[in-house]
>>> print(open('protein-v7.csv').read())   # CSV, C-alpha atoms
chain,number,residue,atom,x,y,z
A,29,TYR,CA,0.0,0.0,0.0
A,30,LYS,CA,1.2,3.5,-0.8
A,31,VAL,CA,-0.6,6.6,0.1
A,32,ALA,CA,0.1,10.3,0.2
A,33,TRP,CA,2.8,11.3,2.7
A,34,LEU,CA,0.4,13.4,4.8
A,35,THR,CA,-2.1,10.5,4.9
A,36,TRP,CA,0.7,8.2,6.0
A,37,ALA,CA,2.0,10.6,8.7
A,38,VAL,CA,-1.4,11.1,10.2
A,39,GLY,CA,-2.4,7.5,9.9
A,40,LYS,CA,0.8,6.3,11.7
A,41,ARG,CA,-0.2,8.5,14.7
A,42,LEU,CA,-3.9,7.4,14.7
A,43,VAL,CA,-3.8,3.7,13.8
A,44,LYS,CA,-2.3,1.5,16.5
A,45,ILE,CA,-2.4,-1.9,14.9
A,46,PRO,CA,0.7,-3.7,13.5
A,47,TRP,CA,-0.9,-4.6,10.2
A,48,LEU,CA,-3.1,-2.9,7.6
A,49,GLY,CA,-4.1,-5.9,5.4
A,50,LEU,CA,-7.4,-7.3,6.5
A,51,PRO,CA,-6.2,-11.0,6.4
A,52,ASN,CA,-3.3,-10.1,8.8
A,53,VAL,CA,-5.6,-8.0,11.1
A,54,LEU,CA,-8.1,-10.9,11.3
A,55,ALA,CA,-5.4,-13.5,11.8
A,56,GLY,CA,-3.7,-11.4,14.5
A,57,ARG,CA,-0.4,-12.0,12.8
A,58,GLU,CA,1.3,-11.5,9.5
A,59,ILE,CA,0.2,-14.2,7.1
A,60,ILE,CA,0.7,-12.1,4.0
A,61,ARG,CA,3.7,-9.8,3.7
A,62,GLU,CA,2.7,-6.2,3.6
A,63,PHE,CA,4.6,-3.7,1.4
A,64,LEU,CA,4.0,-0.3,2.8
A,65,GLN,CA,5.0,3.1,1.4
A,66,GLU,CA,8.7,2.9,0.3
A,67,ALA,CA,8.7,-0.9,0.5
A,68,ALA,CA,5.9,-0.9,-2.1
A,69,GLN,CA,8.4,-1.3,-4.9
A,70,PRO,CA,8.5,-3.9,-7.7
A,71,GLU,CA,11.8,-5.6,-6.6
A,72,PRO,CA,10.7,-6.7,-3.1
A,73,ILE,CA,7.3,-7.7,-4.3
A,74,ILE,CA,8.8,-9.9,-7.0
A,75,ALA,CA,11.3,-11.4,-4.5
A,76,GLU,CA,8.4,-12.3,-2.3
A,77,LEU,CA,6.5,-13.9,-5.2
A,78,VAL,CA,9.5,-15.9,-6.2
A,79,ARG,CA,10.0,-17.0,-2.5
A,80,LEU,CA,6.4,-18.2,-2.3
A,81,ALA,CA,6.3,-19.9,-5.7
A,82,GLY,CA,6.0,-23.6,-5.2
A,83,SER,CA,7.4,-23.5,-1.7
A,84,PRO,CA,6.1,-24.8,1.7
A,85,ALA,CA,5.7,-21.1,2.7
A,86,ARG,CA,3.0,-20.7,0.1
A,87,GLU,CA,1.1,-23.7,1.4
A,88,GLU,CA,1.4,-22.4,4.9
A,89,GLN,CA,0.1,-19.0,3.7
A,90,GLN,CA,-2.8,-20.6,2.0
A,91,ARG,CA,-3.7,-22.7,5.1
A,92,ALA,CA,-3.6,-19.5,7.2
A,93,GLN,CA,-5.9,-17.7,4.7
A,94,ARG,CA,-8.4,-20.6,4.9
A,95,GLU,CA,-8.4,-20.4,8.7
A,96,VAL,CA,-9.2,-16.6,8.5
A,97,ILE,CA,-12.0,-17.3,6.0
A,98,ALA,CA,-13.4,-20.0,8.3
A,99,SER,CA,-13.3,-17.7,11.3
A,100,LEU,CA,-15.7,-15.3,9.5
A,101,GLY,CA,-18.5,-17.8,9.7
A,102,GLU,CA,-21.2,-18.6,7.1
A,103,ARG,CA,-22.1,-16.3,4.2
A,104,GLY,CA,-25.0,-13.9,4.7
A,105,ALA,CA,-23.7,-11.7,7.5
A,106,ALA,CA,-25.4,-8.6,6.1
A,107,ARG,CA,-28.8,-10.5,6.0
A,108,ARG,CA,-28.3,-11.8,9.5
A,109,ALA,CA,-27.4,-8.4,10.8
A,110,ALA,CA,-30.5,-6.8,9.2
A,111,GLU,CA,-32.7,-9.6,10.6
A,112,ALA,CA,-31.2,-9.0,14.1
A,113,ILE,CA,-31.8,-5.3,13.8
A,114,LEU,CA,-35.4,-5.8,12.6
A,115,GLY,CA,-36.0,-8.4,15.4
A,116,LYS,CA,-36.8,-11.2,13.0
>>> encode(input="protein-v7.csv", output="structure tokens")
Amino acid sequence: YKVAWLTWAVGKRLVKIPWLGLPNVLAGREIIREFLQEAAQPEPIIAELVRLAGSPAREEQQRAQREVIASLGERGAARRAAEAILGK
């Protein structure tokens, strides 16, 4: 992720979580490497893709992603929330 310098400066002071990517936030740990600001360059991103290609690290990452998805529960959260609000 790369944002304007002012957005980054303000965000760093306001946001007090170690990750920005939703999968990492939900997992409570880094399961997908984040490339923020100056790290969001082609070379490190390519190096990470090469590292993951066909490796056990990729399989571990996919397993962790499945766990995050499973932790979200069944589909239809918006409908269930609406029903709860309407008292149905």
>>> atom_distance(input="protein-v7.csv", atom1="atom CA of A:Glu62", atom2="atom CA of A:Ser83")
18.7 Å
>>> residues_around(input="protein-v7.csv", residues="stretch 84-97 of chain A", least_positions_apart="4", cutoff="12 Å", atoms="all atoms listed in the file", output="list in words")
Gly49, Leu50, Pro51, Asn52, Val53, Leu54, Ala55, Gly56, Arg57, Glu58, Ile59, Ile60, Arg61, Glu76, Leu77, Val78, Arg79, Leu80, Gly101, Glu102 and Arg103 of chain A
>>> atom_distance(input="protein-v7.csv", atom1="atom CA of A:Tyr29", atom2="atom CA of A:Leu100")
23.9 Å
>>> atom_distance(input="protein-v7.csv", atom1="atom CA of A:Gln69", atom2="atom CA of A:Trp36")
16.4 Å
>>> residues_around(input="protein-v7.csv", residues="A:Gln65", least_positions_apart="2", cutoff="9 Å", atoms="all atoms listed in the file", output="mmCIF file with C-alpha atoms, in the frame of the given file")
data_model
loop_
_atom_site.group_PDB
_atom_site.id
_atom_site.type_symbol
_atom_site.label_atom_id
_atom_site.label_comp_id
_atom_site.auth_asym_id
_atom_site.auth_seq_id
_atom_site.Cartn_x
_atom_site.Cartn_y
_atom_site.Cartn_z
ATOM 1 C CA TYR A 29 0.000 0.000 0.000
ATOM 2 C CA LYS A 30 1.200 3.500 -0.800
ATOM 3 C CA VAL A 31 -0.600 6.600 0.100
ATOM 4 C CA ALA A 32 0.100 10.300 0.200
ATOM 5 C CA TRP A 33 2.800 11.300 2.700
ATOM 6 C CA TRP A 36 0.700 8.200 6.000
ATOM 7 C CA PHE A 63 4.600 -3.700 1.400
ATOM 8 C CA ALA A 67 8.700 -0.900 0.500
ATOM 9 C CA ALA A 68 5.900 -0.900 -2.100
ATOM 10 C CA GLN A 69 8.400 -1.300 -4.900
#
>>> build_atoms(input="protein-v7.csv", residues="stretch 63-92 of chain A", atoms="N, CA and C atoms", output="PDB file, in the frame of the given file")
ATOM      1  N   PHE A  63       3.627  -4.622   1.976  1.00  0.00           N
ATOM      2  CA  PHE A  63       4.600  -3.700   1.400  1.00  0.00           C
ATOM      3  C   PHE A  63       4.023  -2.306   1.526  1.00  0.00           C
ATOM      4  N   LEU A  64       4.525  -1.558   2.491  1.00  0.00           N
ATOM      5  CA  LEU A  64       4.000  -0.300   2.800  1.00  0.00           C
ATOM      6  C   LEU A  64       4.924   0.855   2.380  1.00  0.00           C
ATOM      7  N   GLN A  65       4.328   1.909   1.844  1.00  0.00           N
ATOM      8  CA  GLN A  65       5.000   3.100   1.400  1.00  0.00           C
ATOM      9  C   GLN A  65       6.271   2.806   0.598  1.00  0.00           C
ATOM     10  N   GLU A  66       7.457   3.100   1.091  1.00  0.00           N
ATOM     11  CA  GLU A  66       8.700   2.900   0.300  1.00  0.00           C
ATOM     12  C   GLU A  66       8.979   1.466  -0.012  1.00  0.00           C
ATOM     13  N   ALA A  67       8.458   0.556   0.796  1.00  0.00           N
ATOM     14  CA  ALA A  67       8.700  -0.900   0.500  1.00  0.00           C
ATOM     15  C   ALA A  67       7.804  -1.367  -0.620  1.00  0.00           C
ATOM     16  N   ALA A  68       6.830  -0.571  -1.034  1.00  0.00           N
ATOM     17  CA  ALA A  68       5.900  -0.900  -2.100  1.00  0.00           C
ATOM     18  C   ALA A  68       6.627  -0.672  -3.469  1.00  0.00           C
ATOM     19  N   GLN A  69       7.642  -1.454  -3.725  1.00  0.00           N
ATOM     20  CA  GLN A  69       8.400  -1.300  -4.900  1.00  0.00           C
ATOM     21  C   GLN A  69       8.425  -2.690  -5.657  1.00  0.00           C
ATOM     22  N   PRO A  70       8.591  -2.692  -6.962  1.00  0.00           N
ATOM     23  CA  PRO A  70       8.500  -3.900  -7.700  1.00  0.00           C
ATOM     24  C   PRO A  70       9.525  -5.010  -7.233  1.00  0.00           C
ATOM     25  N   GLU A  71      10.756  -4.622  -6.937  1.00  0.00           N
ATOM     26  CA  GLU A  71      11.800  -5.600  -6.600  1.00  0.00           C
ATOM     27  C   GLU A  71      11.431  -6.443  -5.371  1.00  0.00           C
ATOM     28  N   PRO A  72      11.074  -5.836  -4.233  1.00  0.00           N
ATOM     29  CA  PRO A  72      10.700  -6.700  -3.100  1.00  0.00           C
ATOM     30  C   PRO A  72       9.457  -7.479  -3.275  1.00  0.00           C
ATOM     31  N   ILE A  73       8.524  -6.940  -4.031  1.00  0.00           N
ATOM     32  CA  ILE A  73       7.300  -7.700  -4.300  1.00  0.00           C
ATOM     33  C   ILE A  73       7.589  -8.907  -5.150  1.00  0.00           C
ATOM     34  N   ILE A  74       8.398  -8.731  -6.175  1.00  0.00           N
ATOM     35  CA  ILE A  74       8.800  -9.900  -7.000  1.00  0.00           C
ATOM     36  C   ILE A  74       9.568 -10.891  -6.213  1.00  0.00           C
ATOM     37  N   ALA A  75      10.475 -10.422  -5.367  1.00  0.00           N
ATOM     38  CA  ALA A  75      11.300 -11.400  -4.500  1.00  0.00           C
ATOM     39  C   ALA A  75      10.339 -12.179  -3.652  1.00  0.00           C
ATOM     40  N   GLU A  76       9.300 -11.571  -3.117  1.00  0.00           N
ATOM     41  CA  GLU A  76       8.400 -12.300  -2.300  1.00  0.00           C
ATOM     42  C   GLU A  76       7.573 -13.325  -3.102  1.00  0.00           C
ATOM     43  N   LEU A  77       7.166 -12.955  -4.287  1.00  0.00           N
ATOM     44  CA  LEU A  77       6.500 -13.900  -5.200  1.00  0.00           C
ATOM     45  C   LEU A  77       7.335 -15.086  -5.529  1.00  0.00           C
ATOM     46  N   VAL A  78       8.584 -14.804  -5.824  1.00  0.00           N
ATOM     47  CA  VAL A  78       9.500 -15.900  -6.200  1.00  0.00           C
ATOM     48  C   VAL A  78       9.721 -16.787  -4.940  1.00  0.00           C
ATOM     49  N   ARG A  79       9.838 -16.189  -3.743  1.00  0.00           N
ATOM     50  CA  ARG A  79      10.000 -17.000  -2.500  1.00  0.00           C
ATOM     51  C   ARG A  79       8.834 -17.912  -2.289  1.00  0.00           C
ATOM     52  N   LEU A  80       7.642 -17.428  -2.583  1.00  0.00           N
ATOM     53  CA  LEU A  80       6.400 -18.200  -2.300  1.00  0.00           C
ATOM     54  C   LEU A  80       6.189 -19.278  -3.403  1.00  0.00           C
ATOM     55  N   ALA A  81       6.640 -19.035  -4.617  1.00  0.00           N
ATOM     56  CA  ALA A  81       6.300 -19.900  -5.700  1.00  0.00           C
ATOM     57  C   ALA A  81       6.716 -21.356  -5.466  1.00  0.00           C
ATOM     58  N   GLY A  82       5.723 -22.200  -5.348  1.00  0.00           N
ATOM     59  CA  GLY A  82       6.000 -23.600  -5.200  1.00  0.00           C
ATOM     60  C   GLY A  82       6.662 -24.035  -3.903  1.00  0.00           C
ATOM     61  N   SER A  83       6.663 -23.183  -2.890  1.00  0.00           N
ATOM     62  CA  SER A  83       7.400 -23.500  -1.700  1.00  0.00           C
ATOM     63  C   SER A  83       6.400 -23.879  -0.539  1.00  0.00           C
ATOM     64  N   PRO A  84       6.898 -24.530   0.493  1.00  0.00           N
ATOM     65  CA  PRO A  84       6.100 -24.800   1.700  1.00  0.00           C
ATOM     66  C   PRO A  84       5.506 -23.524   2.294  1.00  0.00           C
ATOM     67  N   ALA A  85       6.213 -22.410   2.136  1.00  0.00           N
ATOM     68  CA  ALA A  85       5.700 -21.100   2.700  1.00  0.00           C
ATOM     69  C   ALA A  85       4.416 -20.745   2.032  1.00  0.00           C
ATOM     70  N   ARG A  86       4.273 -21.022   0.753  1.00  0.00           N
ATOM     71  CA  ARG A  86       3.000 -20.700   0.100  1.00  0.00           C
ATOM     72  C   ARG A  86       1.886 -21.562   0.598  1.00  0.00           C
ATOM     73  N   GLU A  87       2.156 -22.832   0.808  1.00  0.00           N
ATOM     74  CA  GLU A  87       1.100 -23.700   1.400  1.00  0.00           C
ATOM     75  C   GLU A  87       0.720 -23.276   2.753  1.00  0.00           C
ATOM     76  N   GLU A  88       1.667 -22.856   3.561  1.00  0.00           N
ATOM     77  CA  GLU A  88       1.400 -22.400   4.900  1.00  0.00           C
ATOM     78  C   GLU A  88       0.527 -21.078   4.819  1.00  0.00           C
ATOM     79  N   GLN A  89       0.867 -20.211   3.900  1.00  0.00           N
ATOM     80  CA  GLN A  89       0.100 -19.000   3.700  1.00  0.00           C
ATOM     81  C   GLN A  89      -1.335 -19.291   3.315  1.00  0.00           C
ATOM     82  N   GLN A  90      -1.505 -20.213   2.405  1.00  0.00           N
ATOM     83  CA  GLN A  90      -2.800 -20.600   2.000  1.00  0.00           C
ATOM     84  C   GLN A  90      -3.640 -21.228   3.110  1.00  0.00           C
ATOM     85  N   ARG A  91      -2.984 -22.051   3.917  1.00  0.00           N
ATOM     86  CA  ARG A  91      -3.700 -22.700   5.100  1.00  0.00           C
ATOM     87  C   ARG A  91      -4.129 -21.581   6.029  1.00  0.00           C
ATOM     88  N   ALA A  92      -3.269 -20.618   6.300  1.00  0.00           N
ATOM     89  CA  ALA A  92      -3.600 -19.500   7.200  1.00  0.00           C
ATOM     90  C   ALA A  92      -4.767 -18.698   6.643  1.00  0.00           C
TER      91      ALA A  92
END
